[in-house]
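Enquirer: Before I ask anything, here is the structure I am working with.
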Amino acid sequence: MANPFSLLAPALIPSWNFFDVIAASPRVEHALADTREATLEDWDEFRPRPQRLSPAVMLGRLVWNPRWNESLYLVSCAERLVEEPTVHGEDEIFRRIAADLAGRPGTRPWLSFRLQFIDAAGEREVLYQAAPRRLADIEVR
């Protein structure tokens, strides 16, 4: 059996080679419309990052932060969706957006999302846009 320390060391000591490359960061944006054919112009970032956090909130997030974990999952879905589009990836993102929009009064019936990537220089590029779906048809878990 291998030395227990050699198995535990990678978990305790960070690897500075964790990322192969520093790639553009994806942002999930969504838009609502009255019809499927409507032109989508008003895009909102889904779960935007807070501009400022108090030290107490930061400390609390070290222990419990399921919403941020789900947002990290969405980033993974976004990256995979651009590399290899799948229905499952689209469904996952649609589900989470629809769950956040559920119960909001006056919500338009058609939902679409796009993936906008922002590189280190601040350049923005939309690499994926999903066809609109009716909010009522999206299964929310």
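The way I read the labels, and the way they are meant: chains A, B, ... in the order of the structure tokens, residue 1 as the first residue of every chain, and ligand 1 as the first ligand shown, with later ones counted on from there.
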Near Glu125 in chain A, counting only C-alpha atoms, which residues have an atom at most 8 Å away, once you skip same-chain residues fewer than 3 positions from it, shown as an NGL selection string?

Expert: :A and (116-118)

Enquirer: Write the residues of the preceding selection, restricted to N, CA and C atoms, as a short mmCIF file (atom, residue, chain, number, x, y, z; two decimals), in the first residue's frame.

Expert:
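Output file result_35.cif is given in full below:
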data_model
loop_
_atom_site.label_atom_id
_atom_site.label_comp_id
_atom_site.auth_asym_id
_atom_site.auth_seq_id
_atom_site.Cartn_x
_atom_site.Cartn_y
_atom_site.Cartn_z
N GLN A 116 -21.77 34.00 -23.18
CA GLN A 116 -20.84 35.05 -23.58
C GLN A 116 -19.53 34.82 -22.83
N PHE A 117 -18.46 34.76 -23.57
CA PHE A 117 -17.15 34.52 -22.98
C PHE A 117 -16.37 35.82 -22.93
N ILE A 118 -15.73 36.05 -21.78
CA ILE A 118 -14.96 37.27 -21.57
C ILE A 118 -13.51 36.87 -21.34
#

Enquirer: Quick check for you: according to DSSP on this backbone, which residues of range 1-137 of chain A are classed as strand (DSSP E or B)? Reply as an mmCIF file with C-alpha atoms, in the first residue's frame.

Expert:
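As a result, part_23.cif now contains:
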data_model
loop_
_atom_site.group_PDB
_atom_site.id
_atom_site.type_symbol
_atom_site.label_atom_id
_atom_site.label_comp_id
_atom_site.auth_asym_id
_atom_site.auth_seq_id
_atom_site.Cartn_x
_atom_site.Cartn_y
_atom_site.Cartn_z
ATOM 1 C CA SER A 25 -14.600 33.050 -18.645
ATOM 2 C CA PRO A 26 -18.204 32.140 -19.573
ATOM 3 C CA ARG A 27 -21.199 34.185 -18.490
ATOM 4 C CA VAL A 28 -24.705 32.795 -18.817
ATOM 5 C CA GLU A 29 -27.137 35.475 -19.938
ATOM 6 C CA HIS A 30 -30.874 35.070 -20.412
ATOM 7 C CA ALA A 31 -33.611 36.950 -22.217
ATOM 8 C CA LEU A 32 -37.384 36.713 -22.107
ATOM 9 C CA ALA A 33 -39.781 37.364 -24.975
ATOM 10 C CA ASP A 44 -29.490 39.853 -18.287
ATOM 11 C CA GLU A 45 -26.587 38.061 -16.658
ATOM 12 C CA TRP A 110 -40.402 32.500 -23.857
ATOM 13 C CA LEU A 111 -36.887 32.039 -22.479
ATOM 14 C CA SER A 112 -33.540 31.868 -24.227
ATOM 15 C CA PHE A 113 -29.971 31.938 -22.991
ATOM 16 C CA ARG A 114 -26.611 32.646 -24.514
ATOM 17 C CA LEU A 115 -23.056 32.022 -23.425
ATOM 18 C CA GLN A 116 -20.845 35.054 -23.579
ATOM 19 C CA PHE A 117 -17.154 34.515 -22.977
ATOM 20 C CA ILE A 118 -14.957 37.274 -21.573
ATOM 21 C CA ARG A 124 -16.633 39.674 -25.129
ATOM 22 C CA GLU A 125 -17.779 37.044 -27.587
ATOM 23 C CA VAL A 126 -21.057 35.122 -27.758
ATOM 24 C CA LEU A 127 -20.152 31.526 -28.573
ATOM 25 C CA TYR A 128 -23.530 29.869 -28.064
ATOM 26 C CA GLN A 129 -27.173 30.882 -28.130
ATOM 27 C CA ARG A 133 -38.254 27.574 -25.086
ATOM 28 C CA ARG A 134 -41.584 28.144 -23.376
#

Enquirer: So how many Å separate CA of Arg141 in chain A and CA of Pro50 in chain A, to one decimal?

Expert: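 It comes out at 25.6 Å.
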
Enquirer: If you run DSSP over the backbone, which residues in chain A end up alpha helix (DSSP H)? Put them as a VMD selection string.

Expert: chain A and resid 4 to 12 55 to 63 66 to 83 87 to 101

Enquirer: Please produce a file of those selected residues containing N, CA and C atoms, as a compact mmCIF listing (two decimals), in the first residue's frame.

Expert:
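Saved result, out-v2.txt, follows:
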# COMPACT_ATOMS: atom_id res chain seq x y z
N PRO A 4 0.33 6.77 3.15
CA PRO A 4 -0.89 7.58 3.29
C PRO A 4 -0.62 9.07 3.06
N PHE A 5 0.55 9.57 3.46
CA PHE A 5 0.86 10.97 3.24
C PHE A 5 0.92 11.30 1.75
N SER A 6 1.45 10.39 0.94
CA SER A 6 1.55 10.66 -0.50
C SER A 6 0.16 10.72 -1.14
N LEU A 7 -0.81 10.06 -0.54
CA LEU A 7 -2.19 10.14 -1.04
C LEU A 7 -2.88 11.42 -0.58
N LEU A 8 -2.55 11.90 0.59
CA LEU A 8 -3.18 13.08 1.17
C LEU A 8 -2.53 14.39 0.70
N ALA A 9 -1.26 14.35 0.36
CA ALA A 9 -0.51 15.55 0.00
C ALA A 9 -1.16 16.35 -1.14
N PRO A 10 -1.62 15.72 -2.24
CA PRO A 10 -2.22 16.53 -3.30
C PRO A 10 -3.47 17.29 -2.87
N ALA A 11 -4.17 16.78 -1.87
CA ALA A 11 -5.37 17.47 -1.38
C ALA A 11 -5.01 18.64 -0.47
N LEU A 12 -3.86 18.56 0.21
CA LEU A 12 -3.46 19.59 1.15
C LEU A 12 -2.59 20.68 0.52
N PRO A 55 -16.73 40.91 5.13
CA PRO A 55 -15.90 39.82 5.67
C PRO A 55 -16.74 38.70 6.30
N ALA A 56 -17.83 39.07 6.97
CA ALA A 56 -18.68 38.06 7.60
C ALA A 56 -19.32 37.15 6.55
N VAL A 57 -19.78 37.72 5.45
CA VAL A 57 -20.38 36.93 4.38
C VAL A 57 -19.33 36.03 3.74
N MET A 58 -18.13 36.56 3.52
CA MET A 58 -17.05 35.74 2.95
C MET A 58 -16.73 34.55 3.85
N LEU A 59 -16.67 34.80 5.15
CA LEU A 59 -16.39 33.73 6.10
C LEU A 59 -17.49 32.68 6.08
N GLY A 60 -18.73 33.13 6.03
CA GLY A 60 -19.86 32.21 5.96
C GLY A 60 -19.84 31.38 4.69
N ARG A 61 -19.43 31.98 3.61
CA ARG A 61 -19.39 31.26 2.33
C ARG A 61 -18.30 30.19 2.29
N LEU A 62 -17.31 30.30 3.15
CA LEU A 62 -16.31 29.24 3.22
C LEU A 62 -16.91 27.95 3.75
N VAL A 63 -17.96 28.08 4.55
CA VAL A 63 -18.59 26.92 5.17
C VAL A 63 -19.81 26.45 4.39
N PRO A 66 -24.20 26.78 -1.22
CA PRO A 66 -24.72 25.91 -2.28
C PRO A 66 -25.05 26.66 -3.57
N ARG A 67 -25.49 27.90 -3.47
CA ARG A 67 -25.83 28.67 -4.68
C ARG A 67 -24.59 28.90 -5.53
N TRP A 68 -23.45 29.21 -4.90
CA TRP A 68 -22.21 29.41 -5.65
C TRP A 68 -21.74 28.09 -6.27
N ASN A 69 -21.90 26.99 -5.55
CA ASN A 69 -21.52 25.68 -6.09
C ASN A 69 -22.35 25.38 -7.34
N GLU A 70 -23.64 25.71 -7.29
CA GLU A 70 -24.48 25.49 -8.46
C GLU A 70 -24.05 26.40 -9.61
N SER A 71 -23.65 27.62 -9.30
CA SER A 71 -23.16 28.53 -10.33
C SER A 71 -21.88 28.00 -10.97
N LEU A 72 -21.00 27.40 -10.17
CA LEU A 72 -19.79 26.78 -10.73
C LEU A 72 -20.14 25.61 -11.64
N TYR A 73 -21.18 24.87 -11.26
CA TYR A 73 -21.66 23.78 -12.11
C TYR A 73 -22.15 24.34 -13.45
N LEU A 74 -22.84 25.47 -13.42
CA LEU A 74 -23.31 26.09 -14.66
C LEU A 74 -22.15 26.53 -15.55
N VAL A 75 -21.07 27.00 -14.94
CA VAL A 75 -19.88 27.37 -15.71
C VAL A 75 -19.33 26.14 -16.42
N SER A 76 -19.28 25.02 -15.72
CA SER A 76 -18.82 23.77 -16.34
C SER A 76 -19.74 23.36 -17.48
N CYS A 77 -21.05 23.47 -17.25
CA CYS A 77 -22.01 23.15 -18.32
C CYS A 77 -21.80 24.06 -19.52
N ALA A 78 -21.58 25.34 -19.27
CA ALA A 78 -21.38 26.30 -20.35
C ALA A 78 -20.13 25.96 -21.16
N GLU A 79 -19.06 25.65 -20.48
CA GLU A 79 -17.81 25.31 -21.18
C GLU A 79 -17.99 24.06 -22.03
N ARG A 80 -18.65 23.03 -21.46
CA ARG A 80 -18.88 21.80 -22.21
C ARG A 80 -19.84 22.01 -23.37
N LEU A 81 -20.82 22.88 -23.19
CA LEU A 81 -21.80 23.14 -24.24
C LEU A 81 -21.16 23.79 -25.46
N VAL A 82 -20.18 24.63 -25.23
CA VAL A 82 -19.48 25.26 -26.35
C VAL A 82 -18.59 24.25 -27.06
N GLU A 83 -17.92 23.39 -26.28
CA GLU A 83 -17.03 22.39 -26.87
C GLU A 83 -17.81 21.31 -27.61
N VAL A 87 -28.13 18.14 -25.71
CA VAL A 87 -29.44 18.51 -25.19
C VAL A 87 -29.39 18.57 -23.67
N HIS A 88 -28.67 17.63 -23.06
CA HIS A 88 -28.56 17.59 -21.60
C HIS A 88 -27.97 18.89 -21.06
N GLY A 89 -26.92 19.38 -21.67
CA GLY A 89 -26.28 20.62 -21.23
C GLY A 89 -27.23 21.80 -21.32
N GLU A 90 -27.94 21.90 -22.43
CA GLU A 90 -28.94 22.96 -22.60
C GLU A 90 -30.03 22.84 -21.55
N ASP A 91 -30.53 21.62 -21.35
CA ASP A 91 -31.60 21.38 -20.37
C ASP A 91 -31.18 21.82 -18.97
N GLU A 92 -29.95 21.52 -18.58
CA GLU A 92 -29.47 21.87 -17.25
C GLU A 92 -29.49 23.39 -17.05
N ILE A 93 -29.02 24.12 -18.03
CA ILE A 93 -28.99 25.57 -17.90
C ILE A 93 -30.41 26.14 -17.93
N PHE A 94 -31.25 25.65 -18.86
CA PHE A 94 -32.64 26.11 -18.90
C PHE A 94 -33.34 25.86 -17.57
N ARG A 95 -33.15 24.68 -16.98
CA ARG A 95 -33.80 24.33 -15.71
C ARG A 95 -33.46 25.31 -14.60
N ARG A 96 -32.19 25.64 -14.49
CA ARG A 96 -31.77 26.52 -13.40
C ARG A 96 -32.25 27.95 -13.59
N ILE A 97 -32.26 28.42 -14.82
CA ILE A 97 -32.78 29.76 -15.07
C ILE A 97 -34.28 29.79 -14.80
N ALA A 98 -35.00 28.79 -15.30
CA ALA A 98 -36.45 28.73 -15.10
C ALA A 98 -36.79 28.64 -13.62
N ALA A 99 -36.01 27.90 -12.84
CA ALA A 99 -36.27 27.79 -11.40
C ALA A 99 -36.11 29.15 -10.71
N ASP A 100 -35.12 29.93 -11.13
CA ASP A 100 -34.94 31.27 -10.54
C ASP A 100 -36.04 32.22 -10.97
N LEU A 101 -36.58 32.04 -12.17
CA LEU A 101 -37.63 32.93 -12.67
C LEU A 101 -39.02 32.52 -12.20

Enquirer: Which residue gives the smallest distance to Ala131 in chain A among A:Ala102, A:Ala24, A:Ala38, A:Leu53, with only C-alpha atoms counted?

Expert: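 Smallest distance to Ala131 in chain A is found for A:Ala38.
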